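**Student:** Pasting my_file_32.txt below, which is compact mmCIF, C-alpha atoms.
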```txt
# COMPACT_ATOMS: atom_id res chain seq x y z
CA MET A 16 7.63 -13.70 35.98
CA ARG A 17 7.35 -14.70 39.63
CA ASP A 18 4.51 -17.12 40.26
CA MET A 19 1.46 -15.37 41.61
CA PRO A 20 0.54 -17.01 44.93
CA THR A 21 -2.68 -18.90 45.10
CA THR A 22 -5.33 -18.46 47.72
CA ASP A 23 -7.28 -21.44 49.02
CA PHE A 24 -10.64 -20.92 50.63
CA PRO A 25 -11.04 -23.49 53.41
CA GLU A 26 -14.10 -25.67 53.39
CA THR A 27 -16.53 -25.18 56.26
CA SER A 28 -18.53 -27.91 57.95
CA SER A 29 -21.66 -26.70 56.18
CA SER A 30 -20.11 -26.87 52.71
CA SER A 31 -20.18 -29.90 50.45
CA PRO A 32 -17.21 -30.48 48.10
CA SER A 33 -19.25 -29.32 45.14
CA SER A 34 -20.02 -26.01 46.83
CA LEU A 35 -16.36 -25.04 46.50
CA ARG A 36 -17.06 -24.35 42.84
CA PHE A 37 -19.55 -21.63 43.72
CA SER A 38 -18.56 -17.99 44.05
CA ILE A 39 -17.36 -16.81 47.42
CA SER A 40 -20.37 -14.60 48.02
CA SER A 41 -22.64 -17.62 47.50
CA ARG A 42 -20.67 -19.52 50.11
CA ARG A 43 -20.88 -16.62 52.51
CA ARG A 44 -24.67 -16.56 52.24
CA ASP A 45 -24.85 -20.34 52.68
CA GLN A 46 -22.78 -20.07 55.84
CA VAL A 47 -25.01 -17.33 57.22
CA HIS A 48 -28.14 -19.34 56.46
CA SER A 49 -26.68 -22.45 58.10
CA MET A 50 -26.23 -20.50 61.33
CA ASP A 51 -29.45 -18.53 61.19
CA PRO A 52 -32.46 -19.95 59.34
CA THR A 53 -34.16 -16.53 59.52
CA ALA A 54 -31.28 -14.77 57.76
CA HIS A 55 -32.23 -12.23 55.12
CA GLU A 56 -32.46 -13.02 51.43
CA PRO A 57 -29.43 -12.14 49.27
CA THR A 58 -29.04 -8.43 48.66
CA PRO A 59 -29.08 -6.91 45.16
CA GLN A 60 -25.31 -6.41 45.47
CA GLU A 61 -24.74 -10.09 46.30
CA ILE A 62 -26.93 -11.16 43.40
CA GLU A 63 -25.06 -8.82 41.04
CA LEU A 64 -21.64 -10.03 42.14
CA ASP A 65 -22.69 -13.69 41.94
CA SER A 66 -24.07 -13.11 38.46
CA PHE A 67 -20.79 -11.57 37.36
CA GLN A 68 -18.77 -14.58 38.56
CA ARG A 69 -21.11 -16.98 36.79
CA LYS A 70 -21.15 -15.04 33.52
CA VAL A 71 -17.35 -14.90 33.44
CA SER A 72 -17.29 -18.63 34.08
CA ASP A 73 -19.83 -19.35 31.33
CA ARG A 74 -17.90 -17.27 28.80
CA PHE A 75 -14.62 -19.02 29.42
CA HIS A 76 -16.13 -22.49 29.62
CA ASP A 77 -17.51 -21.80 26.14
CA LEU A 78 -14.06 -20.74 24.92
CA ALA A 79 -12.44 -23.79 26.54
CA ALA A 80 -14.85 -26.11 24.70
CA ALA A 81 -13.08 -25.32 21.40
CA ASP A 82 -11.38 -28.29 19.75
CA SER A 83 -7.76 -28.22 18.59
CA ASP A 84 -8.71 -27.00 15.11
CA GLU A 85 -10.72 -24.07 16.46
CA LEU A 86 -8.41 -22.99 19.28
CA LEU A 87 -6.24 -19.98 18.29
CA SER A 88 -8.06 -19.53 14.99
CA ILE A 89 -9.32 -16.11 13.92
CA PRO A 90 -12.96 -17.00 14.81
CA TRP A 91 -11.82 -18.19 18.26
CA LEU A 92 -9.94 -14.94 18.89
CA GLN A 93 -13.08 -13.03 17.92
CA LYS A 94 -15.01 -15.03 20.52
CA LEU A 95 -12.28 -14.24 23.06
CA LEU A 96 -12.63 -10.51 22.38
CA GLU A 97 -16.42 -10.75 22.61
CA ALA A 98 -16.06 -12.52 25.96
CA PHE A 99 -13.81 -9.75 27.23
CA LEU A 100 -16.23 -7.03 26.10
CA SER A 101 -19.11 -8.83 27.79
CA CYS A 102 -17.17 -9.18 31.07
CA GLN A 103 -16.03 -5.56 30.83
CA GLU A 104 -19.62 -4.34 30.44
CA GLU A 105 -20.79 -6.36 33.44
CA PHE A 106 -17.89 -5.00 35.48
CA ARG A 107 -18.64 -1.43 34.37
CA LEU A 108 -22.11 -1.75 35.86
CA ILE A 109 -20.67 -3.10 39.10
CA VAL A 110 -18.34 -0.10 39.35
CA SER A 111 -21.23 2.28 38.67
CA ASN A 112 -23.52 0.62 41.21
CA ASN A 113 -20.87 0.50 43.94
CA ARG A 114 -19.09 3.82 43.43
CA ALA A 115 -19.67 4.95 47.02
CA THR A 116 -17.78 1.90 48.31
CA LEU A 117 -15.03 1.99 45.71
CA ASN A 118 -13.72 5.40 46.83
CA LYS A 119 -13.03 4.17 50.36
CA PRO A 120 -10.28 1.89 51.72
CA PRO A 121 -9.51 -0.85 50.90
CA MET A 122 -11.49 -0.83 47.66
CA ASP A 123 -10.00 2.45 46.43
CA LYS A 124 -6.61 0.75 46.12
CA TYR A 125 -8.07 -2.33 44.40
CA ILE A 126 -9.91 -0.32 41.75
CA SER A 127 -7.00 2.08 41.25
CA ASP A 128 -4.67 -0.85 40.55
CA PHE A 129 -7.18 -2.25 38.06
CA PHE A 130 -7.35 1.02 36.15
CA ASP A 131 -3.55 1.15 36.05
CA ARG A 132 -3.44 -2.36 34.57
CA SER A 133 -6.06 -1.32 32.02
CA VAL A 134 -3.80 1.48 30.78
CA LYS A 135 -0.96 -1.02 30.33
CA ALA A 136 -3.28 -3.22 28.28
CA LEU A 137 -3.76 -0.40 25.76
CA ASP A 138 -0.18 -0.79 24.55
CA VAL A 139 -0.82 -4.49 24.04
CA CYS A 140 -3.88 -3.65 21.92
CA ASN A 141 -1.78 -1.31 19.79
CA ALA A 142 0.92 -3.94 19.30
CA ILE A 143 -1.72 -6.53 18.37
CA ARG A 144 -3.22 -4.12 15.86
CA ASP A 145 0.19 -3.87 14.21
CA GLY A 146 0.42 -7.65 14.23
CA VAL A 147 -2.90 -7.84 12.40
CA GLU A 148 -1.52 -5.38 9.85
CA GLN A 149 1.52 -7.62 9.46
CA ILE A 150 -0.72 -10.59 8.67
CA ARG A 151 -2.60 -8.41 6.18
CA GLN A 152 0.67 -7.87 4.30
CA TRP A 153 1.15 -11.64 4.11
CA GLN A 154 -2.39 -11.89 2.80
CA LYS A 155 -1.42 -9.57 -0.07
CA HIS A 156 1.44 -11.88 -1.02
CA LEU A 157 -0.99 -14.81 -1.09
CA GLU A 158 -3.30 -12.78 -3.31
CA ILE A 159 -0.46 -12.25 -5.78
CA VAL A 160 0.16 -16.00 -5.88
CA VAL A 161 -3.51 -16.76 -6.55
CA SER A 162 -3.84 -14.04 -9.18
CA SER A 163 -0.63 -15.24 -10.86
CA PHE A 164 -2.47 -18.38 -11.82
CA ASP A 165 -5.57 -16.47 -12.96
CA GLY A 166 -7.43 -17.19 -9.74
CA GLY A 167 -7.47 -20.93 -10.42
CA ASN A 168 -8.72 -20.55 -14.00
CA ARG A 169 -8.21 -24.02 -15.45
CA CYS A 170 -8.92 -22.97 -19.02
CA LYS A 171 -5.40 -21.57 -19.47
CA ILE A 172 -2.18 -23.55 -19.62
CA ILE A 173 0.26 -22.56 -16.83
CA ASN A 174 3.31 -20.80 -18.25
CA GLN A 175 6.77 -19.88 -16.99
CA GLY A 176 5.85 -16.23 -16.39
CA GLN A 177 3.14 -17.25 -13.93
CA PHE A 178 5.67 -19.42 -12.10
CA ARG A 179 8.17 -16.56 -11.80
CA ARG A 180 5.60 -14.09 -10.44
CA ALA A 181 4.17 -16.56 -7.90
CA LYS A 182 7.63 -17.67 -6.80
CA LYS A 183 8.77 -14.08 -6.22
CA ALA A 184 5.69 -13.41 -4.04
CA LEU A 185 6.25 -16.61 -2.05
CA ILE A 186 9.93 -15.82 -1.45
CA GLU A 187 9.03 -12.34 -0.17
CA LEU A 188 6.34 -13.87 2.03
CA LEU A 189 8.64 -16.46 3.61
CA ILE A 190 11.44 -13.92 4.15
CA SER A 191 8.93 -11.59 5.80
CA MET A 192 7.71 -14.36 8.10
CA LEU A 193 11.29 -15.27 9.01
CA ASP A 194 12.02 -11.61 9.73
CA GLU A 195 8.96 -11.46 11.97
CA LYS A 196 10.09 -14.54 13.90
CA GLU A 197 13.37 -12.80 14.68
CA SER A 198 11.71 -9.54 15.75
CA GLY A 199 9.27 -11.48 17.89
CA ALA A 200 12.11 -13.03 19.84
CA THR A 201 14.21 -9.90 20.38
CA THR A 202 13.84 -6.16 20.80
CA THR A 203 15.87 -3.42 19.21
CA THR A 204 15.92 0.37 19.10
CA ALA A 205 16.99 0.48 15.47
CA MET A 206 13.60 1.45 14.10
CA PRO A 207 11.80 4.68 14.93
CA HIS A 208 8.79 5.03 17.20
CA ARG A 209 5.45 5.56 15.57
CA ASN A 210 2.26 5.78 17.59
CA ARG A 211 -0.75 5.15 15.42
CA SER A 212 -3.04 3.94 18.20
CA PHE A 213 -5.89 2.85 15.90
CA GLY A 214 -5.66 6.04 13.85
CA ARG A 215 -5.64 6.33 10.08
CA HIS A 216 -3.18 4.37 8.00
CA SER A 217 0.00 6.20 7.02
CA ALA A 218 0.11 7.51 3.48
CA HIS A 219 3.32 5.53 3.11
CA ALA A 220 1.59 2.27 3.96
CA GLU A 221 1.33 1.33 0.28
CA HIS A 222 5.04 1.82 -0.35
CA LYS A 223 6.45 -1.03 -2.38
CA SER A 224 9.22 -1.72 0.08
CA PHE A 225 7.88 -4.10 2.69
CA VAL A 226 10.68 -3.28 5.13
CA HIS A 227 9.94 0.44 4.83
CA LEU A 228 6.25 -0.26 5.47
CA ARG A 229 7.13 -2.20 8.61
CA SER A 230 9.30 0.62 9.93
CA LEU A 231 6.35 2.99 9.70
CA SER A 232 3.72 0.67 11.11
CA TRP A 233 4.68 0.31 14.76
CA SER A 234 2.25 1.71 17.32
CA VAL A 235 4.70 1.04 20.14
CA SER A 236 8.39 1.87 20.34
CA ARG A 237 10.89 -0.67 19.10
CA SER A 238 12.24 -1.06 22.63
CA TRP A 239 8.78 -2.12 23.80
CA SER A 240 8.40 -5.72 24.94
CA ALA A 241 5.17 -7.71 25.02
CA ALA A 242 6.66 -10.04 27.63
CA ARG A 243 7.56 -7.14 29.94
CA GLN A 244 4.16 -5.54 29.45
CA LEU A 245 2.38 -8.74 30.45
CA LEU A 246 4.67 -8.95 33.45
CA ALA A 247 3.64 -5.42 34.44
CA ILE A 248 -0.07 -6.23 34.05
CA GLY A 249 0.23 -9.35 36.20
CA ASN A 250 2.61 -7.87 38.79
CA ASN A 251 1.29 -8.25 42.36
CA LEU A 252 -1.97 -9.72 41.12
CA VAL A 253 -2.91 -11.80 44.15
CA ALA A 254 -6.29 -13.27 44.97
CA PRO A 255 -7.93 -11.69 48.03
CA ARG A 256 -8.14 -13.82 51.16
CA ALA A 257 -11.45 -15.18 52.37
CA ASN A 258 -11.68 -12.68 55.24
CA GLU A 259 -10.92 -9.81 52.84
CA ILE A 260 -13.69 -10.97 50.54
CA THR A 261 -16.11 -11.10 53.44
CA SER A 262 -15.16 -7.61 54.64
CA THR A 263 -15.86 -6.11 51.19
CA ASN A 264 -18.99 -8.23 50.55
CA GLY A 265 -17.21 -9.85 47.61
CA LEU A 266 -16.52 -6.60 45.78
CA ASN A 267 -12.75 -7.07 45.78
CA LEU A 268 -13.24 -10.54 44.29
CA ALA A 269 -15.06 -8.94 41.36
CA VAL A 270 -12.12 -6.56 40.82
CA PHE A 271 -9.64 -9.44 41.04
CA THR A 272 -11.71 -11.42 38.55
CA MET A 273 -11.72 -8.59 36.01
CA ASN A 274 -7.98 -8.13 36.52
CA TYR A 275 -7.43 -11.78 35.74
CA VAL A 276 -9.68 -11.70 32.69
CA LEU A 277 -7.73 -8.68 31.41
CA LEU A 278 -4.39 -10.43 31.96
CA PHE A 279 -5.46 -13.68 30.29
CA VAL A 280 -7.00 -12.01 27.25
CA MET A 281 -3.91 -9.86 26.66
CA TRP A 282 -1.66 -12.92 27.11
CA ALA A 283 -3.70 -14.99 24.64
CA LEU A 284 -3.58 -12.19 22.05
CA VAL A 285 0.20 -11.91 22.41
CA ALA A 286 0.48 -15.70 22.06
CA ALA A 287 -1.53 -15.72 18.84
CA ILE A 288 -0.58 -12.54 16.98
CA PRO A 289 2.90 -11.41 15.87
CA CYS A 290 4.41 -8.72 18.11
CA GLN A 291 7.86 -7.98 19.40
CA ASP A 292 9.35 -9.97 22.27
CA ARG A 293 6.41 -12.36 22.57
CA GLY A 294 7.62 -14.22 25.66
CA LEU A 295 4.81 -16.36 27.09
CA GLN A 296 6.36 -16.97 30.50
CA THR A 297 3.48 -15.35 32.41
CA HIS A 298 2.33 -17.78 35.10
CA PHE A 299 -1.35 -18.28 35.86
CA ASN A 300 -1.66 -19.61 39.39
CA VAL A 301 -5.08 -19.13 40.88
CA SER A 302 -7.32 -21.21 43.09
CA ARG A 303 -9.53 -23.58 41.11
CA GLN A 304 -12.25 -22.96 43.66
CA LEU A 305 -13.15 -19.84 41.70
CA LEU A 306 -15.85 -20.58 39.14
CA TRP A 307 -13.93 -19.20 36.17
CA ALA A 308 -10.48 -20.52 37.10
CA PRO A 309 -10.68 -24.08 35.63
CA PRO A 310 -11.50 -23.00 32.04
CA ILE A 311 -8.92 -20.19 32.06
CA LEU A 312 -6.21 -22.46 33.44
CA SER A 313 -7.16 -25.15 30.93
CA LEU A 314 -6.87 -22.69 28.05
CA HIS A 315 -3.55 -21.44 29.37
CA ASP A 316 -2.17 -25.00 29.51
CA ARG A 317 -3.43 -25.83 26.01
CA ILE A 318 -1.92 -22.70 24.48
CA LEU A 319 1.40 -23.34 26.22
CA GLU A 320 1.40 -26.92 24.93
CA GLU A 321 0.81 -25.61 21.43
CA SER A 322 3.79 -23.26 21.76
CA LYS A 323 6.04 -26.17 22.77
CA LYS A 324 5.33 -28.27 19.69
CA ARG A 325 8.43 -28.69 17.58
CA GLU A 326 6.97 -26.97 14.53
CA ARG A 327 5.63 -24.07 16.62
CA ARG A 328 8.55 -23.30 18.93
CA ASN A 329 9.92 -20.47 16.80
CA ALA A 330 6.61 -19.34 15.31
CA CYS A 331 5.99 -15.61 15.06
CA GLY A 332 2.48 -16.25 16.36
CA LEU A 333 0.38 -19.27 17.32
CA LEU A 334 -2.60 -18.16 15.24
CA LYS A 335 -3.75 -21.21 13.28
CA ASP A 336 -4.03 -19.15 10.11
CA ILE A 337 -0.33 -18.13 10.32
CA ARG A 338 0.66 -21.80 10.44
CA ASP A 339 -1.59 -22.49 7.43
CA VAL A 340 0.07 -19.66 5.49
CA GLU A 341 3.56 -20.98 6.14
CA VAL A 342 2.69 -24.62 5.38
CA CYS A 343 0.96 -23.72 2.10
CA ALA A 344 3.74 -21.34 1.07
CA ARG A 345 6.48 -23.93 1.63
CA SER A 346 4.53 -26.63 -0.17
CA MET A 347 3.95 -24.32 -3.11
CA MET A 348 7.64 -23.40 -3.22
CA ASN A 349 8.47 -27.08 -3.69
CA ASP A 350 6.11 -27.19 -6.66
CA LEU A 351 7.77 -24.08 -8.15
CA ALA A 352 11.30 -25.50 -7.99
CA ASP A 353 13.73 -24.33 -10.67
CA SER A 354 14.01 -27.89 -11.93
CA VAL A 355 10.43 -27.79 -13.25
CA ARG A 356 10.34 -28.07 -17.06
CA PHE A 357 7.87 -26.41 -19.40
CA PRO A 358 5.40 -27.16 -20.72
CA LEU A 359 4.18 -28.86 -17.55
CA THR A 360 3.03 -32.43 -17.63
CA GLU A 361 -0.64 -32.98 -16.98
CA GLU A 362 0.13 -34.48 -13.58
CA LYS A 363 2.41 -31.61 -12.55
CA GLU A 364 -0.12 -28.99 -13.62
CA ARG A 365 -2.79 -30.75 -11.57
CA GLU A 366 -0.49 -30.69 -8.51
CA VAL A 367 0.20 -26.97 -8.96
CA ARG A 368 -3.48 -26.11 -9.29
CA GLU A 369 -4.25 -28.11 -6.14
CA ARG A 370 -1.65 -26.04 -4.28
CA VAL A 371 -3.16 -22.85 -5.67
CA ASP A 372 -6.58 -23.97 -4.43
CA GLU A 373 -5.13 -24.54 -0.96
CA ILE A 374 -3.51 -21.11 -0.93
CA GLU A 375 -6.71 -19.50 -2.16
CA SER A 376 -8.65 -21.16 0.67
CA VAL A 377 -6.17 -19.87 3.28
CA TYR A 378 -6.15 -16.43 1.65
CA GLN A 379 -9.94 -16.22 1.69
CA GLY A 380 -10.14 -17.24 5.34
CA ILE A 381 -7.67 -14.52 6.34
CA LYS A 382 -9.32 -11.94 4.12
CA ASP A 383 -12.75 -12.61 5.66
CA GLY A 384 -11.46 -12.74 9.23
CA LEU A 385 -8.89 -9.97 9.61
CA ASP A 386 -11.19 -6.96 9.38
CA PRO A 387 -13.62 -8.24 12.03
CA LEU A 388 -10.66 -9.23 14.22
CA GLU A 389 -9.07 -5.80 13.92
CA LYS A 390 -12.45 -4.20 14.64
CA GLY A 391 -12.72 -6.33 17.78
CA VAL A 392 -9.27 -5.30 19.02
CA ARG A 393 -10.12 -1.67 18.32
CA GLU A 394 -13.36 -2.01 20.26
CA VAL A 395 -11.51 -3.54 23.23
CA PHE A 396 -9.09 -0.61 23.16
CA HIS A 397 -11.84 2.02 23.12
CA ARG A 398 -13.99 0.16 25.66
CA ILE A 399 -11.08 0.03 28.11
CA VAL A 400 -10.52 3.77 27.70
CA ARG A 401 -14.20 4.61 28.02
CA SER A 402 -14.83 2.34 31.00
CA ARG A 403 -11.79 3.69 32.83
CA ASN A 404 -12.84 7.29 32.26
CA GLU A 405 -16.43 6.59 33.29
CA GLY A 406 -15.28 4.66 36.35
CA LEU A 407 -12.91 7.36 37.54
CA ALA A 408 -15.55 10.06 36.99
CA SER A 409 -18.24 8.01 38.71
CA ILE A 410 -16.09 7.22 41.74
CA GLY A 411 -14.84 10.80 41.94
CA ALA A 412 -18.39 12.17 41.85
CA SER A 413 -19.39 10.07 44.86
CA LYS A 414 -16.74 11.57 47.14
```
For this file, write the structure as structure tokens.

**Tutor:**
Amino acid sequence: MRDMPTTDFPETSSSSPSSLRFSISSRRRDQVHSMDPTAHEPTPQEIELDSFQRKVSDRFHDLAAADSDELLSIPWLQKLLEAFLSCQEEFRLIVSNNRATLNKPPMDKYISDFFDRSVKALDVCNAIRDGVEQIRQWQKHLEIVVSSFDGGNRCKIINQGQFRRAKKALIELLISMLDEKESGATTTTAMPHRNRSFGRHSAHAEHKSFVHLRSLSWSVSRSWSAARQLLAIGNNLVAPRANEITSTNGLNLAVFTMNYVLLFVMWALVAAIPCQDRGLQTHFNVSRQLLWAPPILSLHDRILEESKKRERRNACGLLKDIRDVEVCARSMMNDLADSVRFPLTEEKEREVRERVDEIESVYQGIKDGLDPLEKGVREVFHRIVRSRNEGLASIGASK
């Protein structure tokens, strides 16, 4: 993707270096006051737009405070979705309160472009929902492994039958993850289109064949590309110039901010969750003078660094829980090697049970987190649809 040009807002003689971190509307008021001590107090619109910039900044500073163990975990993604929903609600109110301005040039073009990008984000939500379903299938394989050893029941001696059942589940799991890595790197038209769009599960979803289940689970066509969709969302997303911000009283900056939040959240979801053609080449170039830019750019850099780590380069998703699944599965496979003799020695049985405990811990974390995560993605999908419809109706009614 072509780098999005940055916009620098020149410092005025009345501005201190620290004031560059304030929203543009704040700076505009400061400049007015410096020239005219009797200037009016900030208008309700200015207060509203300032508040929006600050709340977006607060949300993403909170997300950026996550340590390396929390970043890209299921709980962190839930916080990311909550941040988006909060920003979306604030922006919805701005659209409603400024509908008379938004249906006139140049704001009509700004808001129209935002709604177009929102529609493109819906496909990303559908693809992410399928990725969550993919992880849920891996969770089922982990459950088989745990149950094969009687859920960690130490009162029974481990036998060869338990080994065979657990090993079969682990092999299917690792093959499935390898298959997902390949589909995440390329696109194909071999599988049929199926648009579920957060509807009910297919009756075939419980079919024993994992490959058949996958072929029925796609909410986007098999020619669809996450990388291309992100490119489309970020295309021509350029920060407004200082004079343009002044002429719209900062309203176009609010639209640009929500555009950028939308782009980043969709990009982070694609980075974390398995989906086809997961290219992360989207560039985030934006002036750090904007309150929310430093934490978003910091998160972008950290996620990119994670993707470049040797053990993560070919990952089907950067979600921490996916890495934990693969590490535990491979370690367990080593313990289930064909060379193991029965009955197990006391030391070997202790090693196996420790591995089972690790897998059970990973399994439980995914089991507890996936449903809330899927619910969050679904809510983002429906909130985008609802806000777009309300916005279009509100702006149309003011004409």

**Student:** Please identify all polymer residues within 6 Å of segment 145-151 of chain A, counting only C-alpha atoms, omitting same-chain residues fewer than 6 positions from it, and present them as a list of chain:residue names.

**Tutor:**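 So the residues in contact are A:Ile288, A:Pro289, A:Cys290.
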
**Student:** Could you list, as a list of chain:residue names, every residue within 9 Å of Glu366 of chain A, counting all atoms listed in the file and ignoring same-chain residues fewer than 5 positions away?

**Tutor:**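 Near neighbours after the sequence-gap exclusion: A:Asp350, A:Glu361, A:Val371.
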
**Student:** With only C-alpha atoms as the basis for distance, which of A:Trp239, A:Val160, A:Cys102, A:Thr272 is at the shortest distance from Tyr125 of chain A?

**Tutor:** A:Thr272

**Student:** Rounded to one decimal place, report the atom CA of Thr263 of chain A-atom CA of Glu405 of chain A distance in Å.

**Tutor:**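 Result for atom CA of Thr263 of chain A versus atom CA of Glu405 of chain A: 22.0 Å, one decimal.
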
**Student:** Let me make sure I understand: among A:Met122, A:Leu385, A:Met192, A:Ala181, which one has the smallest atom-to-atom distance to Ser262 of chain A if we use only C-alpha atoms?

**Tutor:**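 Among A:Met122, A:Leu385, A:Met192, A:Ala181, it is A:Met122 that comes nearest to Ser262 of chain A.
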
**Student:** Applying 12 Å and all atoms listed in the file, which residues near Leu266 of chain A remain after dropping the ones on its own chain fewer than 2 positions away? List them as a PyMOL selection string.

**Tutor:** chain A and resi 38-40+60-65+67-68+106+109-110+112-114+116-117+121-123+125-126+255+257+259-264+268-273

**Student:** Using only C-alpha atoms for the distances, tell me which of A:His156, A:Arg393, A:Ser236, A:Gln103 is nearest to Tyr275 of chain A.

**Tutor:**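 Using only C-alpha atoms, Tyr275 of chain A sits closest to A:Gln103.
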
**Student:** For Asp82 of chain A, which residue among A:Leu314, A:Val280, A:Leu252, A:Ala136 is the nearest when counting only C-alpha atoms?

**Tutor:** A:Leu314

**Student:** Near Leu277 of chain A, within 12 Å and counting all atoms listed in the file, which residues show up once chain neighbours fewer than 4 positions away are dropped, as JSON, numbers by chain?

**Tutor:** {"A": [71, 95, 96, 98, 99, 100, 101, 102, 103, 106, 129, 130, 131, 132, 133, 134, 135, 136, 137, 139, 140, 245, 248, 249, 252, 270, 271, 272, 273, 281, 282, 283, 284, 311, 395, 396, 399]}

**Student:** Just how far from atom CA of Arg345 of chain A is atom CA of Leu86 of chain A, in Å to one decimal?

**Tutor:**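 That distance, rounded to one decimal, is 23.1 Å.
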
**Student:** Quote the spacing between atom CA of Ser346 of chain A and atom CA of Ala286 of chain A in Å to one decimal place.

**Tutor:**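 It comes out at 25.1 Å.
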
**Student:** A:Ser302, A:Arg256, A:Ile159, A:Val367: which is nearest Lys183 of chain A, counting all atoms listed in the file?

**Tutor:**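 Smallest distance to Lys183 of chain A is found for A:Ile159.
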
**Student:** From the options A:Val161, A:Val355, A:Val276, A:Leu305, which residue's atoms come nearest to Gln379 of chain A, counting only C-alpha atoms?

**Tutor:**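 The shortest atom-to-atom distance to Gln379 of chain A comes from A:Val161.
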
**Student:** Counting all atoms listed in the file, what is within 9 Å of Gln175 of chain A, bar same-chain residues fewer than 2 positions away, as an MDAnalysis selection string?

**Tutor:** chainID A and resid 173 177:180 356:358

**Student:** For C-alpha atoms, I'd like the residues from the last selection saved as a compact mmCIF listing (two decimals), in the coordinates of the input.

**Tutor:**
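Okay, again_6.txt is ready:
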```
# COMPACT_ATOMS: atom_id res chain seq x y z
CA ILE A 173 0.26 -22.56 -16.83
CA GLN A 177 3.14 -17.25 -13.93
CA PHE A 178 5.67 -19.42 -12.10
CA ARG A 179 8.17 -16.56 -11.80
CA ARG A 180 5.60 -14.09 -10.44
CA ARG A 356 10.34 -28.07 -17.06
CA PHE A 357 7.87 -26.41 -19.40
CA PRO A 358 5.40 -27.16 -20.72
```

**Student:** Name the residues within 12 Å of (-3.5, -21.2, 32.8), counting all atoms listed in the file in the file's coordinates, and put them as an NGL selection string.

**Tutor:** :A and (18-19 or 75 or 79 or 275-276 or 278-280 or 282-283 or 295-303 or 307-320)
